[in-house]
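Visitor: Let me begin by handing over the structure; questions about it come next.
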Amino acid sequence: MIPALLLFMYLSATMDRLMADQQFEVPTEEFLAQAFSGQAPKPTVLWLTGTLKDEVGAILDHKYPSLRVRYWRQDQRFAWALEEIGKDRPITAGFIINNNRLEDVQVLAFRETRGGEIRFESFTRQFDNASLKPSGQLDTRIDGVSGATLSVNAMRKLAAMALLLTQHVVK
Amino acid sequence: MHHHLHKWHRRIGAFGALIAIYLAITGLLLNHTHDLGLDRTHARSNLLLKLYKVKPQAGRTTRTGQLTVSQLGETLFLDNRPVGQDPMPITGAVLYGDMVLVTTRGHLYIFTSQGDLVEILNQSAGLPASIQRIGLSIKSRVIVDDGNNYVAADPDLLTWTAITSPTSVDWSDVTAMFPEKRKKLSALAPGAGPSWERVLQDLHSGRLFGAAGIFLIDLTGVIILLLAISGFVTIIMRKRRT
């Protein structure tokens, strides 16, 4: 009985620690500095109104929570920092798009207790070179992460949204 | 021996069954809290608030133009419409064109006057880590103060730059909320109590009833173990007899 209780207490403590480890935050300016070699351009905003609002809504299956999003542009390279709810809390992800293709994806803030594995490069590099199909979906298959289905879906949607917004600005 | 074991097996079983039913129901509900929306709704019952030692929510309010901006607990309100959640206290609000800018200690929210969220800004946008107050300069520039330094926004509120002591700023004042207002907004806020998911977790583990609850659930665990063992032994003994 006592060994079983001790084992239970140890496992609970380990689980708590593991769950706390899932949450993290990378400042957007750090992501931008990395993406633009320390010389991030000034931000610009894109208003999500009219048909763009509907197209974003179709990708996310709901309205984007804010009416405008900011982006950073240097020629044909764009950086976006977008948010989407994973299970209960918003995930913030940064996207670098070059000539309408994803160049880099980073999870900037993860606030859920499970699914933080999506921050690993083994997951994010699947997005490399992906672009948007006319149907509004990514043209690249993104494999899931066990136990992080909702977070993975959120990342797929945000990647598609970033590509759509870029297309809209370039048009 | 076999008769005694069978008798005890039944006695323990009867006692354990009641708690097993309780555990099964709370366990089933726990598996579906998201589908049932129990992770998004909060308990309001006075008894539960007392059990969880929830203090009355702090209420702060400020006026800008014709609008009242308030915060009850974590919920932000534009007039009586809940428009967002922020754990940090509200520090001011100003009308800027047809937009309403609301600051909490850590964020600056831009809303339309109808309460739709335009953007949330924080330190990444160039704002101070701890926002103490917000105001409008005589030239209608938005100024934010962190207690030691000031930053001012460009007209589109995209970039914020440090400025030296600005003059003639109309700073926003935040005051405590009147009890009538608190009562009105309490009915519209999600509630300060724990989520029903948390209540269910604590019911399932027995924690809601303190040390006695945990002991009872532990005891049930031991009972189920004893039942399994005594049942197993009974089966073996019965097989041996036949």
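Numbering starts fresh at 1 for the residues of each chain in the structure tokens, the chains themselves are lettered A, B, ... in the order given, and ligands are numbered from 1 as they appear.
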Where does DSSP see strand (DSSP E or B) in region 20-144 of chain A, if you list the residues as a ChimeraX atom specification?
Guide: /A:24-25,43-47,68-74,77-85,90-98,101-110,132,138
Visitor: Output the selection as a tab-separated table (two decimals), in the first residue's frame - C-alpha atoms for each residue.
Guide:
```
chain	number	residue	atom	x	y	z
A	24	PHE	CA	6.27	28.73	-23.05
A	25	GLU	CA	6.48	32.10	-24.78
A	43	PRO	CA	4.82	46.81	-38.98
A	44	THR	CA	1.83	47.40	-41.24
A	45	VAL	CA	-1.76	46.39	-40.53
A	46	LEU	CA	-4.26	44.48	-42.58
A	47	TRP	CA	-7.93	44.93	-41.77
A	68	ARG	CA	-6.88	43.84	-37.80
A	69	VAL	CA	-3.60	41.92	-37.85
A	70	ARG	CA	-0.14	43.32	-38.16
A	71	TYR	CA	2.55	42.06	-40.49
A	72	TRP	CA	6.14	42.88	-41.36
A	73	ARG	CA	7.21	43.00	-45.01
A	74	GLN	CA	10.56	43.17	-46.75
A	77	ARG	CA	9.09	38.22	-47.51
A	78	PHE	CA	6.31	38.57	-44.97
A	79	ALA	CA	6.16	37.84	-41.25
A	80	TRP	CA	2.87	37.25	-39.45
A	81	ALA	CA	2.12	36.56	-35.79
A	82	LEU	CA	-1.33	34.97	-35.56
A	83	GLU	CA	-3.41	33.38	-32.82
A	84	GLU	CA	-5.82	30.48	-32.70
A	85	ILE	CA	-7.33	28.49	-29.84
A	90	PRO	CA	-4.76	30.62	-27.76
A	91	ILE	CA	-1.61	29.47	-29.48
A	92	THR	CA	0.46	32.26	-31.04
A	93	ALA	CA	2.48	31.26	-34.07
A	94	GLY	CA	4.90	33.18	-36.26
A	95	PHE	CA	5.06	32.56	-40.01
A	96	ILE	CA	7.65	33.71	-42.53
A	97	ILE	CA	6.38	33.62	-46.09
A	98	ASN	CA	8.61	34.13	-49.09
A	101	ARG	CA	5.49	29.85	-49.79
A	102	LEU	CA	6.10	29.14	-46.12
A	103	GLU	CA	9.75	29.58	-45.26
A	104	ASP	CA	9.64	29.25	-41.49
A	105	VAL	CA	7.06	28.43	-38.83
A	106	GLN	CA	7.57	28.93	-35.10
A	107	VAL	CA	5.25	28.51	-32.16
A	108	LEU	CA	5.65	31.77	-30.24
A	109	ALA	CA	3.34	31.13	-27.30
A	110	PHE	CA	1.79	27.91	-26.09
A	132	LEU	CA	-2.07	27.52	-50.49
A	138	LEU	CA	-2.25	23.73	-47.60
```
Visitor: Just list as a PyMOL selection string whatever in chain A DSSP marks as helix (DSSP H, G or I).
Guide: chain A and resi 2-22+28-35+50-60+116-119+121-127+149-170
Visitor: Check which residues of chain A sit at most 6 Å from chain B using only C-alpha atoms, and return one row each with the closest pair of atoms and their distance in Å to one decimal, ordered by chain and rising number, as JSON lines.
Guide:
```
{"residue": "A:Thr28", "atom": "CA", "partner": "B:Ser124", "partner_atom": "CA", "distance": 5.9}
{"residue": "A:Glu29", "atom": "CA", "partner": "B:Ser124", "partner_atom": "CA", "distance": 6.0}
{"residue": "A:Ser66", "atom": "CA", "partner": "B:Val118", "partner_atom": "CA", "distance": 4.8}
{"residue": "A:Leu67", "atom": "CA", "partner": "B:Val118", "partner_atom": "CA", "distance": 4.4}
{"residue": "A:Arg68", "atom": "CA", "partner": "B:Val118", "partner_atom": "CA", "distance": 5.5}
```
Visitor: Just the selected residues (C-alpha atoms), exported as a PDB file, in the first residue's frame, please.
Guide:
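Result went into again-v2.pdb, see below:
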```pdb
ATOM      1  CA  THR A  28       7.519  38.400 -31.199  1.00  0.00           C
ATOM      2  CA  GLU A  29      10.440  40.829 -31.518  1.00  0.00           C
ATOM      3  CA  SER A  66      -9.519  40.792 -33.907  1.00  0.00           C
ATOM      4  CA  LEU A  67     -10.437  43.099 -36.781  1.00  0.00           C
ATOM      5  CA  ARG A  68      -6.885  43.835 -37.800  1.00  0.00           C
TER       6      ARG A  68
END
```
Visitor: Report, in Å with one decimal, the straight-line distance from CA of Arg182 (chain B) to CA of Asp79 (chain B).
Guide: 12.3 Å
Visitor: Could you pull the residues within 9 Å of Val170 (chain A), counting only C-alpha atoms, minus those fewer than 5 positions along the same chain, as an MDAnalysis selection string?
Guide: chainID A and resid 76 100 165
Visitor: Please dump the current selection as a short mmCIF file (atom, residue, chain, number, x, y, z; two decimals), in the first residue's frame; keep C-alpha atoms.
Guide:
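Full text of selection_26.cif as output:
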```cif
data_model
loop_
_atom_site.label_atom_id
_atom_site.label_comp_id
_atom_site.auth_asym_id
_atom_site.auth_seq_id
_atom_site.Cartn_x
_atom_site.Cartn_y
_atom_site.Cartn_z
CA GLN A 76 8.39 39.48 -51.03
CA ASN A 100 3.81 32.90 -51.33
CA LEU A 165 -3.36 37.11 -45.98
#
```
Visitor: With only C-alpha atoms as the atoms that count, which of A:Arg111, A:Gly86, A:Gly50, A:Ile142 lies nearest to Gln126 (chain A)?
Guide: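 Smallest separation from Gln126 (chain A) among the options: A:Ile142.
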Visitor: Quick one, how far is CA of Asp139 (chain A) from CA of Ala160 (chain A)?
Guide: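 Between CA of Asp139 (chain A) and CA of Ala160 (chain A) the gap works out to 9.5 Å.
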Visitor: For region 134-138 of chain B, work out the shell of residues within 10 Å, counting only C-alpha atoms and skipping chain neighbours fewer than 4 positions away, then give it as a PyMOL selection string.
Guide: chain B and resi 91-96+101-104+108+142-146+150-152+166-173
Visitor: Counting only C-alpha atoms, figure out which residue out of B:Ile236, B:Leu78, B:Ala189, B:Ala212 gets nearest to Thr61 (chain B).
Guide: B:Leu78
